[in-house]
Each structure stands twice: as structure tokens, then as C-alpha cells.
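See below for data_25.json, which holds JSON, N, CA and C atoms.
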```
[["chain", "number", "residue", "atom", "x", "y", "z"],
["H", 1, "MET", "N", 116.30, 113.24, 103.42],
["H", 1, "MET", "CA", 116.56, 112.34, 102.32],
["H", 1, "MET", "C", 115.98, 110.95, 102.63],
["H", 2, "THR", "N", 115.82, 110.16, 101.60],
["H", 2, "THR", "CA", 115.26, 108.83, 101.75],
["H", 2, "THR", "C", 115.77, 107.93, 100.63],
["H", 3, "TYR", "N", 115.35, 106.70, 100.65],
["H", 3, "TYR", "CA", 115.66, 105.76, 99.59],
["H", 3, "TYR", "C", 114.48, 105.66, 98.64],
["H", 4, "VAL", "N", 114.77, 105.28, 97.40],
["H", 4, "VAL", "CA", 113.76, 105.21, 96.34],
["H", 4, "VAL", "C", 113.94, 103.88, 95.61],
["H", 5, "ILE", "N", 112.83, 103.30, 95.19],
["H", 5, "ILE", "CA", 112.86, 102.08, 94.39],
["H", 5, "ILE", "C", 112.58, 102.46, 92.94],
["H", 6, "ALA", "N", 113.49, 102.12, 92.05],
["H", 6, "ALA", "CA", 113.42, 102.55, 90.65],
["H", 6, "ALA", "C", 112.94, 101.44, 89.71],
["H", 7, "GLN", "N", 113.07, 101.68, 88.43],
["H", 7, "GLN", "CA", 112.51, 100.86, 87.37],
["H", 7, "GLN", "C", 112.84, 99.36, 87.43],
["H", 8, "PRO", "N", 114.04, 98.94, 87.84],
["H", 8, "PRO", "CA", 114.30, 97.50, 87.84],
["H", 8, "PRO", "C", 113.33, 96.68, 88.70],
["H", 9, "CYS", "N", 112.63, 97.31, 89.63],
["H", 9, "CYS", "CA", 111.66, 96.60, 90.47],
["H", 9, "CYS", "C", 110.33, 96.37, 89.76],
["H", 10, "VAL", "N", 110.04, 97.17, 88.75],
["H", 10, "VAL", "CA", 108.74, 97.08, 88.08],
["H", 10, "VAL", "C", 108.53, 95.68, 87.51],
["H", 11, "ASP", "N", 107.42, 95.10, 87.86],
["H", 11, "ASP", "CA", 107.00, 93.76, 87.45],
["H", 11, "ASP", "C", 107.87, 92.64, 88.01],
["H", 12, "LEU", "N", 108.75, 92.95, 88.96],
["H", 12, "LEU", "CA", 109.56, 91.93, 89.61],
["H", 12, "LEU", "C", 109.11, 91.75, 91.07],
["H", 13, "LYS", "N", 109.17, 92.84, 91.83],
["H", 13, "LYS", "CA", 108.75, 92.87, 93.23],
["H", 13, "LYS", "C", 109.28, 91.68, 94.03],
["H", 14, "ASP", "N", 110.59, 91.54, 94.09],
["H", 14, "ASP", "CA", 111.24, 90.46, 94.82],
["H", 14, "ASP", "C", 110.89, 90.47, 96.31],
["H", 15, "LYS", "N", 110.75, 91.61, 96.91],
["H", 15, "LYS", "CA", 110.37, 91.83, 98.31],
["H", 15, "LYS", "C", 111.45, 91.49, 99.34],
["H", 16, "ALA", "N", 112.68, 91.25, 98.91],
["H", 16, "ALA", "CA", 113.76, 91.06, 99.89],
["H", 16, "ALA", "C", 113.92, 92.32, 100.72],
["H", 17, "CYS", "N", 113.66, 93.47, 100.11],
["H", 17, "CYS", "CA", 113.77, 94.75, 100.81],
["H", 17, "CYS", "C", 112.76, 94.83, 101.96],
["H", 18, "VAL", "N", 111.58, 94.30, 101.75],
["H", 18, "VAL", "CA", 110.53, 94.33, 102.78],
["H", 18, "VAL", "C", 110.99, 93.56, 104.02],
["H", 19, "ASP", "N", 111.60, 92.41, 103.79],
["H", 19, "ASP", "CA", 112.07, 91.58, 104.91],
["H", 19, "ASP", "C", 113.17, 92.27, 105.72],
["H", 20, "GLU", "N", 113.95, 93.13, 105.08],
["H", 20, "GLU", "CA", 115.07, 93.80, 105.75],
["H", 20, "GLU", "C", 114.69, 95.12, 106.41],
["H", 21, "CYS", "N", 113.59, 95.72, 105.98],
["H", 21, "CYS", "CA", 113.23, 97.05, 106.48],
["H", 21, "CYS", "C", 112.80, 96.99, 107.95],
["H", 22, "PRO", "N", 113.53, 97.69, 108.83],
["H", 22, "PRO", "CA", 113.19, 97.64, 110.26],
["H", 22, "PRO", "C", 111.98, 98.48, 110.65],
["H", 23, "VAL", "N", 111.52, 99.37, 109.75],
["H", 23, "VAL", "CA", 110.40, 100.24, 110.10],
["H", 23, "VAL", "C", 109.17, 99.99, 109.22],
["H", 24, "ASP", "N", 109.18, 98.95, 108.41],
["H", 24, "ASP", "CA", 108.00, 98.55, 107.62],
["H", 24, "ASP", "C", 107.48, 99.68, 106.74],
["H", 25, "CYS", "N", 108.40, 100.37, 106.03],
["H", 25, "CYS", "CA", 108.00, 101.53, 105.22],
["H", 25, "CYS", "C", 107.96, 101.23, 103.72],
["H", 26, "ILE", "N", 108.06, 99.96, 103.34],
["H", 26, "ILE", "CA", 108.05, 99.61, 101.92],
["H", 26, "ILE", "C", 106.70, 98.98, 101.59],
["H", 27, "TYR", "N", 105.96, 99.68, 100.75],
["H", 27, "TYR", "CA", 104.59, 99.32, 100.42],
["H", 27, "TYR", "C", 104.52, 98.69, 99.03],
["H", 28, "GLU", "N", 103.51, 97.87, 98.83],
["H", 28, "GLU", "CA", 103.37, 97.14, 97.57],
["H", 28, "GLU", "C", 102.25, 97.71, 96.72],
["H", 29, "GLY", "N", 102.61, 98.07, 95.48],
["H", 29, "GLY", "CA", 101.61, 98.42, 94.47],
["H", 29, "GLY", "C", 101.46, 97.24, 93.53],
["H", 30, "PRO", "N", 100.58, 97.30, 92.55],
["H", 30, "PRO", "CA", 100.39, 96.18, 91.64],
["H", 30, "PRO", "C", 101.66, 95.77, 90.86],
["H", 31, "ARG", "N", 102.50, 96.75, 90.51],
["H", 31, "ARG", "CA", 103.67, 96.44, 89.67],
["H", 31, "ARG", "C", 105.01, 96.76, 90.32],
["H", 32, "LYS", "N", 105.03, 97.47, 91.44],
["H", 32, "LYS", "CA", 106.29, 97.94, 92.03],
["H", 32, "LYS", "C", 106.14, 98.13, 93.52],
["H", 33, "MET", "N", 107.24, 98.05, 94.23],
["H", 33, "MET", "CA", 107.30, 98.38, 95.65],
["H", 33, "MET", "C", 107.64, 99.87, 95.76],
["H", 34, "TYR", "N", 107.14, 100.52, 96.83],
["H", 34, "TYR", "CA", 107.34, 101.96, 97.04],
["H", 34, "TYR", "C", 107.81, 102.20, 98.47],
["H", 35, "ILE", "N", 108.78, 103.09, 98.63],
["H", 35, "ILE", "CA", 109.27, 103.47, 99.96],
["H", 35, "ILE", "C", 108.58, 104.76, 100.38],
["H", 36, "ASN", "N", 107.94, 104.74, 101.55],
["H", 36, "ASN", "CA", 107.29, 105.93, 102.06],
["H", 36, "ASN", "C", 108.36, 106.87, 102.61],
["H", 37, "PRO", "N", 108.54, 108.04, 101.99],
["H", 37, "PRO", "CA", 109.62, 108.95, 102.42],
["H", 37, "PRO", "C", 109.40, 109.52, 103.82],
["H", 38, "ASP", "N", 108.17, 109.53, 104.30],
["H", 38, "ASP", "CA", 107.90, 110.05, 105.64],
["H", 38, "ASP", "C", 108.17, 109.01, 106.72],
["H", 39, "GLU", "N", 108.21, 107.74, 106.35],
["H", 39, "GLU", "CA", 108.44, 106.67, 107.32],
["H", 39, "GLU", "C", 109.85, 106.10, 107.27],
["H", 40, "CYS", "N", 110.54, 106.28, 106.14],
["H", 40, "CYS", "CA", 111.90, 105.75, 105.97],
["H", 40, "CYS", "C", 112.86, 106.46, 106.93],
["H", 41, "VAL", "N", 113.70, 105.68, 107.60],
["H", 41, "VAL", "CA", 114.67, 106.24, 108.54],
["H", 41, "VAL", "C", 116.08, 106.28, 107.95],
["H", 42, "ASP", "N", 116.19, 106.06, 106.65],
["H", 42, "ASP", "CA", 117.46, 106.14, 105.93],
["H", 42, "ASP", "C", 118.52, 105.18, 106.45],
["H", 43, "CYS", "N", 118.11, 104.01, 106.89],
["H", 43, "CYS", "CA", 119.08, 103.05, 107.42],
["H", 43, "CYS", "C", 119.85, 102.36, 106.29],
["H", 44, "GLY", "N", 119.24, 102.26, 105.11],
["H", 44, "GLY", "CA", 119.91, 101.64, 103.98],
["H", 44, "GLY", "C", 119.89, 100.13, 103.96],
["H", 45, "ALA", "N", 119.16, 99.49, 104.86],
["H", 45, "ALA", "CA", 119.13, 98.02, 104.90],
["H", 45, "ALA", "C", 118.55, 97.42, 103.63],
["H", 46, "CYS", "N", 117.67, 98.13, 102.97],
["H", 46, "CYS", "CA", 117.00, 97.63, 101.77],
["H", 46, "CYS", "C", 117.92, 97.59, 100.55],
["H", 47, "GLU", "N", 118.85, 98.50, 100.48],
["H", 47, "GLU", "CA", 119.67, 98.65, 99.26],
["H", 47, "GLU", "C", 120.52, 97.42, 98.93],
["H", 48, "PRO", "N", 121.31, 96.88, 99.85],
["H", 48, "PRO", "CA", 122.18, 95.77, 99.46],
["H", 48, "PRO", "C", 121.47, 94.45, 99.20],
["H", 49, "VAL", "N", 120.23, 94.29, 99.67],
["H", 49, "VAL", "CA", 119.54, 93.01, 99.48],
["H", 49, "VAL", "C", 118.74, 92.95, 98.18],
["H", 50, "CYS", "N", 118.60, 94.04, 97.49],
["H", 50, "CYS", "CA", 117.82, 94.07, 96.26],
["H", 50, "CYS", "C", 118.56, 93.29, 95.17],
["H", 51, "PRO", "N", 117.96, 92.21, 94.65],
["H", 51, "PRO", "CA", 118.67, 91.38, 93.67],
["H", 51, "PRO", "C", 118.83, 92.04, 92.30],
["H", 52, "VAL", "N", 118.06, 93.10, 92.03],
["H", 52, "VAL", "CA", 118.16, 93.77, 90.72],
["H", 52, "VAL", "C", 118.69, 95.19, 90.84],
["H", 53, "GLU", "N", 119.20, 95.54, 92.01],
["H", 53, "GLU", "CA", 119.79, 96.87, 92.26],
["H", 53, "GLU", "C", 118.82, 97.98, 91.87],
["H", 54, "ALA", "N", 117.60, 97.90, 92.41],
["H", 54, "ALA", "CA", 116.57, 98.91, 92.13],
["H", 54, "ALA", "C", 116.48, 99.97, 93.20],
["H", 55, "VAL", "N", 117.14, 99.77, 94.35],
["H", 55, "VAL", "CA", 117.03, 100.71, 95.47],
["H", 55, "VAL", "C", 118.23, 101.66, 95.45],
["H", 56, "PHE", "N", 117.90, 102.96, 95.52],
["H", 56, "PHE", "CA", 118.93, 103.99, 95.47],
["H", 56, "PHE", "C", 118.67, 105.02, 96.55],
["H", 57, "TYR", "N", 119.76, 105.58, 97.08],
["H", 57, "TYR", "CA", 119.62, 106.75, 97.93],
["H", 57, "TYR", "C", 119.08, 107.86, 97.03],
["H", 58, "GLU", "N", 118.19, 108.66, 97.53],
["H", 58, "GLU", "CA", 117.48, 109.66, 96.73],
["H", 58, "GLU", "C", 118.39, 110.49, 95.82],
["H", 59, "ASP", "N", 119.53, 110.90, 96.30],
["H", 59, "ASP", "CA", 120.43, 111.74, 95.50],
["H", 59, "ASP", "C", 121.27, 110.93, 94.51],
["H", 60, "ASP", "N", 121.20, 109.60, 94.57],
["H", 60, "ASP", "CA", 122.04, 108.75, 93.73],
["H", 60, "ASP", "C", 121.28, 108.02, 92.63],
["H", 61, "ILE", "N", 120.02, 108.36, 92.41],
["H", 61, "ILE", "CA", 119.24, 107.68, 91.37],
["H", 61, "ILE", "C", 119.82, 108.03, 90.01],
["H", 62, "PRO", "N", 120.07, 107.04, 89.17],
["H", 62, "PRO", "CA", 120.54, 107.34, 87.81],
["H", 62, "PRO", "C", 119.55, 108.24, 87.08],
["H", 63, "GLN", "N", 120.06, 109.13, 86.27],
["H", 63, "GLN", "CA", 119.24, 110.11, 85.57],
["H", 63, "GLN", "C", 118.07, 109.48, 84.82],
["H", 64, "GLU", "N", 118.29, 108.34, 84.18],
["H", 64, "GLU", "CA", 117.22, 107.72, 83.39],
["H", 64, "GLU", "C", 116.04, 107.24, 84.24],
["H", 65, "TRP", "N", 116.23, 107.15, 85.55],
["H", 65, "TRP", "CA", 115.17, 106.72, 86.45],
["H", 65, "TRP", "C", 114.77, 107.81, 87.44],
["H", 66, "SER", "N", 115.15, 109.04, 87.18],
["H", 66, "SER", "CA", 114.91, 110.12, 88.14],
["H", 66, "SER", "C", 113.43, 110.34, 88.44],
["H", 67, "GLU", "N", 112.53, 110.00, 87.51],
["H", 67, "GLU", "CA", 111.10, 110.20, 87.76],
["H", 67, "GLU", "C", 110.56, 109.27, 88.85],
["H", 68, "PHE", "N", 111.33, 108.24, 89.21],
["H", 68, "PHE", "CA", 110.89, 107.34, 90.27],
["H", 68, "PHE", "C", 110.99, 108.00, 91.65],
["H", 69, "ARG", "N", 111.79, 109.03, 91.79],
["H", 69, "ARG", "CA", 111.83, 109.80, 93.05],
["H", 69, "ARG", "C", 110.46, 110.43, 93.27],
["H", 70, "ARG", "N", 109.93, 111.04, 92.24],
["H", 70, "ARG", "CA", 108.60, 111.66, 92.29],
["H", 70, "ARG", "C", 107.52, 110.59, 92.48],
["H", 71, "ALA", "N", 107.67, 109.48, 91.78],
["H", 71, "ALA", "CA", 106.67, 108.40, 91.88],
["H", 71, "ALA", "C", 106.56, 107.89, 93.31],
["H", 72, "ASP", "N", 107.69, 107.64, 93.96],
["H", 72, "ASP", "CA", 107.65, 107.13, 95.34],
["H", 72, "ASP", "C", 107.02, 108.15, 96.29],
["H", 73, "THR", "N", 107.29, 109.43, 96.08],
["H", 73, "THR", "CA", 106.72, 110.47, 96.94],
["H", 73, "THR", "C", 105.23, 110.64, 96.68],
["H", 74, "GLU", "N", 104.85, 110.77, 95.42],
["H", 74, "GLU", "CA", 103.45, 111.03, 95.08],
["H", 74, "GLU", "C", 102.54, 109.82, 95.30],
["H", 75, "PHE", "N", 103.09, 108.63, 95.29],
["H", 75, "PHE", "CA", 102.31, 107.43, 95.56],
["H", 75, "PHE", "C", 101.58, 107.54, 96.89],
["H", 76, "PHE", "N", 102.20, 108.23, 97.85],
["H", 76, "PHE", "CA", 101.65, 108.34, 99.20],
["H", 76, "PHE", "C", 100.77, 109.58, 99.40],
["H", 77, "ALA", "N", 100.55, 110.35, 98.34],
["H", 77, "ALA", "CA", 99.73, 111.56, 98.47],
["H", 77, "ALA", "C", 98.35, 111.25, 99.02],
["H", 78, "GLY", "N", 97.72, 110.20, 98.55],
["H", 78, "GLY", "CA", 96.40, 109.83, 99.03],
["H", 78, "GLY", "C", 96.41, 108.93, 100.24],
["H", 79, "LEU", "N", 97.55, 108.29, 100.48],
["H", 79, "LEU", "CA", 97.66, 107.35, 101.60],
["H", 79, "LEU", "C", 98.16, 108.00, 102.88],
["H", 80, "GLY", "N", 98.97, 109.04, 102.73],
["H", 80, "GLY", "CA", 99.61, 109.66, 103.89],
["H", 80, "GLY", "C", 100.67, 108.73, 104.45],
["H", 81, "SER", "N", 100.76, 108.66, 105.75],
["H", 81, "SER", "CA", 101.69, 107.76, 106.43],
["H", 81, "SER", "C", 100.88, 106.77, 107.24],
["H", 82, "PRO", "N", 100.53, 105.63, 106.63],
["H", 82, "PRO", "CA", 99.70, 104.65, 107.33],
["H", 82, "PRO", "C", 100.34, 104.03, 108.56],
["H", 83, "GLY", "N", 101.65, 104.20, 108.71],
["H", 83, "GLY", "CA", 102.32, 103.68, 109.89],
["H", 83, "GLY", "C", 102.78, 102.24, 109.76],
["H", 84, "GLY", "N", 102.92, 101.79, 108.55],
["H", 84, "GLY", "CA", 103.44, 100.45, 108.32],
["H", 84, "GLY", "C", 102.71, 99.73, 107.20],
["H", 85, "ALA", "N", 103.49, 99.14, 106.33],
["H", 85, "ALA", "CA", 102.93, 98.46, 105.17],
["H", 85, "ALA", "C", 102.19, 97.18, 105.54],
["H", 86, "ALA", "N", 102.65, 96.47, 106.55],
["H", 86, "ALA", "CA", 102.03, 95.20, 106.92],
["H", 86, "ALA", "C", 100.57, 95.39, 107.32],
["H", 87, "GLY", "N", 100.28, 96.45, 108.02],
["H", 87, "GLY", "CA", 98.91, 96.70, 108.45],
["H", 87, "GLY", "C", 98.00, 97.15, 107.33],
["H", 88, "LEU", "N", 98.57, 97.77, 106.31],
["H", 88, "LEU", "CA", 97.78, 98.28, 105.19],
["H", 88, "LEU", "C", 97.54, 97.21, 104.12],
["H", 89, "GLY", "N", 98.56, 96.43, 103.85],
["H", 89, "GLY", "CA", 98.46, 95.44, 102.78],
["H", 89, "GLY", "C", 98.73, 96.07, 101.42],
["H", 90, "PRO", "N", 98.64, 95.29, 100.35],
["H", 90, "PRO", "CA", 98.90, 95.82, 99.01],
["H", 90, "PRO", "C", 97.92, 96.94, 98.64],
["H", 91, "VAL", "N", 98.43, 97.92, 97.95],
["H", 91, "VAL", "CA", 97.63, 99.05, 97.47],
["H", 91, "VAL", "C", 97.20, 98.70, 96.04],
["H", 92, "ASP", "N", 95.98, 99.06, 95.68],
["H", 92, "ASP", "CA", 95.42, 98.61, 94.40],
["H", 92, "ASP", "C", 95.74, 99.51, 93.21],
["H", 93, "ARG", "N", 96.69, 100.43, 93.38],
["H", 93, "ARG", "CA", 97.05, 101.31, 92.27],
["H", 93, "ARG", "C", 98.55, 101.58, 92.28],
["H", 94, "ASP", "N", 99.07, 101.86, 91.10],
["H", 94, "ASP", "CA", 100.46, 102.29, 90.96],
["H", 94, "ASP", "C", 100.48, 103.77, 90.61],
["H", 95, "HIS", "N", 101.62, 104.39, 90.80],
["H", 95, "HIS", "CA", 101.81, 105.77, 90.35],
["H", 95, "HIS", "C", 101.75, 105.77, 88.82],
["H", 96, "PRO", "N", 101.26, 106.84, 88.19],
["H", 96, "PRO", "CA", 101.19, 106.90, 86.73],
["H", 96, "PRO", "C", 102.51, 106.64, 86.01],
["H", 97, "VAL", "N", 103.64, 107.00, 86.61],
["H", 97, "VAL", "CA", 104.94, 106.71, 86.00],
["H", 97, "VAL", "C", 105.10, 105.20, 85.82],
["H", 98, "VAL", "N", 104.68, 104.44, 86.80],
["H", 98, "VAL", "CA", 104.80, 102.98, 86.76],
["H", 98, "VAL", "C", 103.68, 102.38, 85.91],
["H", 99, "ALA", "N", 102.45, 102.84, 86.13],
["H", 99, "ALA", "CA", 101.31, 102.30, 85.40],
["H", 99, "ALA", "C", 101.45, 102.50, 83.89],
["H", 100, "GLY", "N", 102.15, 103.56, 83.49],
["H", 100, "GLY", "CA", 102.32, 103.87, 82.07],
["H", 100, "GLY", "C", 103.41, 103.09, 81.37],
["H", 101, "LEU", "N", 104.19, 102.33, 82.12],
["H", 101, "LEU", "CA", 105.26, 101.54, 81.50],
["H", 101, "LEU", "C", 104.65, 100.34, 80.78],
["H", 102, "PRO", "N", 105.27, 99.92, 79.69],
["H", 102, "PRO", "CA", 104.76, 98.75, 78.98],
["H", 102, "PRO", "C", 104.79, 97.51, 79.87],
["H", 103, "VAL", "N", 103.77, 96.70, 79.74],
["H", 103, "VAL", "CA", 103.71, 95.44, 80.47],
["H", 103, "VAL", "C", 104.44, 94.39, 79.65],
["H", 104, "PRO", "N", 105.37, 93.66, 80.28],
["H", 104, "PRO", "CA", 106.10, 92.65, 79.52],
["H", 104, "PRO", "C", 105.14, 91.55, 79.02],
["H", 105, "THR", "N", 105.40, 91.09, 77.84],
["H", 105, "THR", "CA", 104.59, 89.99, 77.30],
["H", 105, "THR", "C", 105.28, 88.68, 77.62],
["H", 106, "SER", "N", 104.49, 87.68, 77.90],
["H", 106, "SER", "CA", 105.08, 86.37, 78.20],
["H", 106, "SER", "C", 105.42, 85.66, 76.90],
["H", 107, "LEU", "N", 106.38, 84.79, 76.97],
["H", 107, "LEU", "CA", 106.82, 84.06, 75.77],
["H", 107, "LEU", "C", 105.93, 82.89, 75.49]]
```
Please rewrite the model in this file as C-alpha cells.
Amino acid sequence: MTYVIAQPCVDLKDKACVDECPVDCIYEGPRKMYINPDECVDCGACEPVCPVEAVFYEDDIPQEWSEFRRADTEFFAGLGSPGGAAGLGPVDRDHPVVAGLPVPTSL
């Protein structure tokens, strides 16, 4: 099992979770942060620091955001396990679940 970052993170990317992660497994896409399920050690340090409550234990994701479990897993299909987000830097693509969400318009 692992943790997943769901819809409330989209277009926010606060990154408090990145600062708390002891294994550097939270990667940045253009619109959302992603947890690498192969690198996550299930410590849960990321969950309580998220200001928008976007981080969930895999089995506890609300039904309306269940597709984010797949998004976090499939995001790494082409990347594999780079061994840490800091060394890789931001990734230039989002998973289609995220990329397909409407972009908020500014006022």
C-alpha cells in the first residue's frame, strides 16, 4: 500500500508534503504532485501537513477521487523509480486524469 495525492492538489501544489517526505518520493508534474508507489515507505508524514487534505492512504481515497490512485501509479510508467524527486526535477507532463481537468480561469 502507499499514499496518493488526489484532486485538491491540482493547480495548487503547496509542496509542504515534499518538505516532510523522508524518502523524496513526491514528484512534481505541471499541475499536481505525485507519490511514487515504489519509493513510498508508507510513513504518512505527508498526510497531516497537506493544507488542502489531498493526501490519502491508498485504501482511504474518497470514491469521487478514486481515479487518482491509478493516476499516481501510471504517472511513473515511463519514469520507473528514479530514486528521488530532487535529482529528477519537475516532470513536463501530467497523467491524463489530471491533464483532462478544467484549468481554473483567473478573475
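When all atoms listed in the file are used to compute distances to Val52 in chain H, the closest of the residues H:Cys9, H:Ala85, H:Val91, H:Leu79 turns out to be H:Cys9.
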Taking the backbone alone, and naming residues the way the document does, which bits of chain H are strand (DSSP E) by DSSP, as a list in words?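 Everything in chain H that counts as strand (DSSP E) is Tyr3, Val4, Ile5, Ile26, Tyr27, Glu28, Met33, Tyr34, Ile35, Val55, Phe56 and Tyr57 of chain H.
In terms of minimum interatomic distance to Phe75 in chain H, H:Val97 ranks closest within H:Val103, H:Val10, H:Val97, H:Cys50, counting only C-alpha atoms.
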Could you produce a table of the residues of range 53-96 of chain H lying within 6.5 Å of range 30-44 of chain H, with the nearest pair of atoms per residue and their separation in Å rounded to one decimal, using all atoms listed in the file, ordered by chain and increasing residue number, as a tab-separated table?
```
residue	atom	partner	partner_atom	distance
H:Asp72	CA	H:Ile35	N	5.3
H:Thr73	CA	H:Pro37	N	5.9
H:Val91	C	H:Pro30	N	5.1
H:Asp92	C	H:Pro30	N	5.4
H:Arg93	C	H:Pro30	N	4.7
H:Asp94	N	H:Pro30	N	5.0
```
To one decimal place in Å, what is the distance between CA of Lys15 in chain H and CA of Gly89 in chain H?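 If I compute the distance from CA of Lys15 in chain H to CA of Gly89 in chain H, I get 13.2 Å.
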Give me, please, the distance in Å between atom N of Ala54 in chain H and atom N of Asp14 in chain H, quoted to one decimal.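 Between atom N of Ala54 in chain H and atom N of Asp14 in chain H the gap works out to 9.6 Å.
Across H:Ala86, H:Asp59, H:Glu47, H:Pro96, the tightest approach to Ile26 in chain H is made by H:Ala86 when counting all atoms listed in the file.
Minimum atom-to-atom distance to Pro48 in chain H, evaluated using only N, CA and C atoms, belongs to H:Cys17 out of H:Asp11, H:Cys17, H:Ile61, H:Leu88.
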Give me the residues near Pro22 in chain H as a list in words, where near means some atom within 9 Å (using only C-alpha atoms) and where sequence neighbours in that chain fewer than 2 positions away do not count.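 The contact residues come out as Val18, Asp19, Glu20, Asp24, Cys25, Val41, Cys43 and Ala45 of chain H.
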How would the residues just chosen look if you wrote them out with N, CA and C atoms as a PDB file, keeping the file's coordinate frame?
```pdb
ATOM      1  N   VAL H  18     111.580  94.300 101.750  1.00  0.00           N
ATOM      2  CA  VAL H  18     110.530  94.330 102.780  1.00  0.00           C
ATOM      3  C   VAL H  18     110.990  93.560 104.020  1.00  0.00           C
ATOM      4  N   ASP H  19     111.600  92.410 103.790  1.00  0.00           N
ATOM      5  CA  ASP H  19     112.070  91.580 104.910  1.00  0.00           C
ATOM      6  C   ASP H  19     113.170  92.270 105.720  1.00  0.00           C
ATOM      7  N   GLU H  20     113.950  93.130 105.080  1.00  0.00           N
ATOM      8  CA  GLU H  20     115.070  93.800 105.750  1.00  0.00           C
ATOM      9  C   GLU H  20     114.690  95.120 106.410  1.00  0.00           C
ATOM     10  N   ASP H  24     109.180  98.950 108.410  1.00  0.00           N
ATOM     11  CA  ASP H  24     108.000  98.550 107.620  1.00  0.00           C
ATOM     12  C   ASP H  24     107.480  99.680 106.740  1.00  0.00           C
ATOM     13  N   CYS H  25     108.400 100.370 106.030  1.00  0.00           N
ATOM     14  CA  CYS H  25     108.000 101.530 105.220  1.00  0.00           C
ATOM     15  C   CYS H  25     107.960 101.230 103.720  1.00  0.00           C
ATOM     16  N   VAL H  41     113.700 105.680 107.600  1.00  0.00           N
ATOM     17  CA  VAL H  41     114.670 106.240 108.540  1.00  0.00           C
ATOM     18  C   VAL H  41     116.080 106.280 107.950  1.00  0.00           C
ATOM     19  N   CYS H  43     118.110 104.010 106.890  1.00  0.00           N
ATOM     20  CA  CYS H  43     119.080 103.050 107.420  1.00  0.00           C
ATOM     21  C   CYS H  43     119.850 102.360 106.290  1.00  0.00           C
ATOM     22  N   ALA H  45     119.160  99.490 104.860  1.00  0.00           N
ATOM     23  CA  ALA H  45     119.130  98.020 104.900  1.00  0.00           C
ATOM     24  C   ALA H  45     118.550  97.420 103.630  1.00  0.00           C
TER      25      ALA H  45
END
```
Please run DSSP on the backbone and report, as a PyMOL selection string, all residues within chain H that come out as alpha helix (DSSP H). chain H and resi 16-20+46-49+67-74+85-88+96-99
Which residue gives the smallest distance to Glu53 in chain H among H:Ala71, H:Ile5, H:Leu101, H:Val23, with only N, CA and C atoms counted?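 The answer is H:Ile5, which sits nearest to Glu53 in chain H.
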To one decimal place, how far is CA of Pro62 in chain H from atom N of Val49 in chain H in Å?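 Those two atoms sit 17.6 Å apart.
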Nearest residue to Thr2 in chain H out of H:Tyr57, H:Phe76, H:Tyr27, H:Phe68, using all atoms listed in the file?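 For Thr2 in chain H, the nearest of the given residues is H:Tyr57.
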Test item: axis-aligned box, all listed atoms of range 15-28 of chain H, 6 Å on each side, centre and edges in Å rounded to one decimal, as lines of an AutoDock Vina configuration file:
```
center_x = 108.7
center_y = 96.3
center_z = 103.7
size_x = 24.8
size_y = 22.5
size_z = 25.9
```
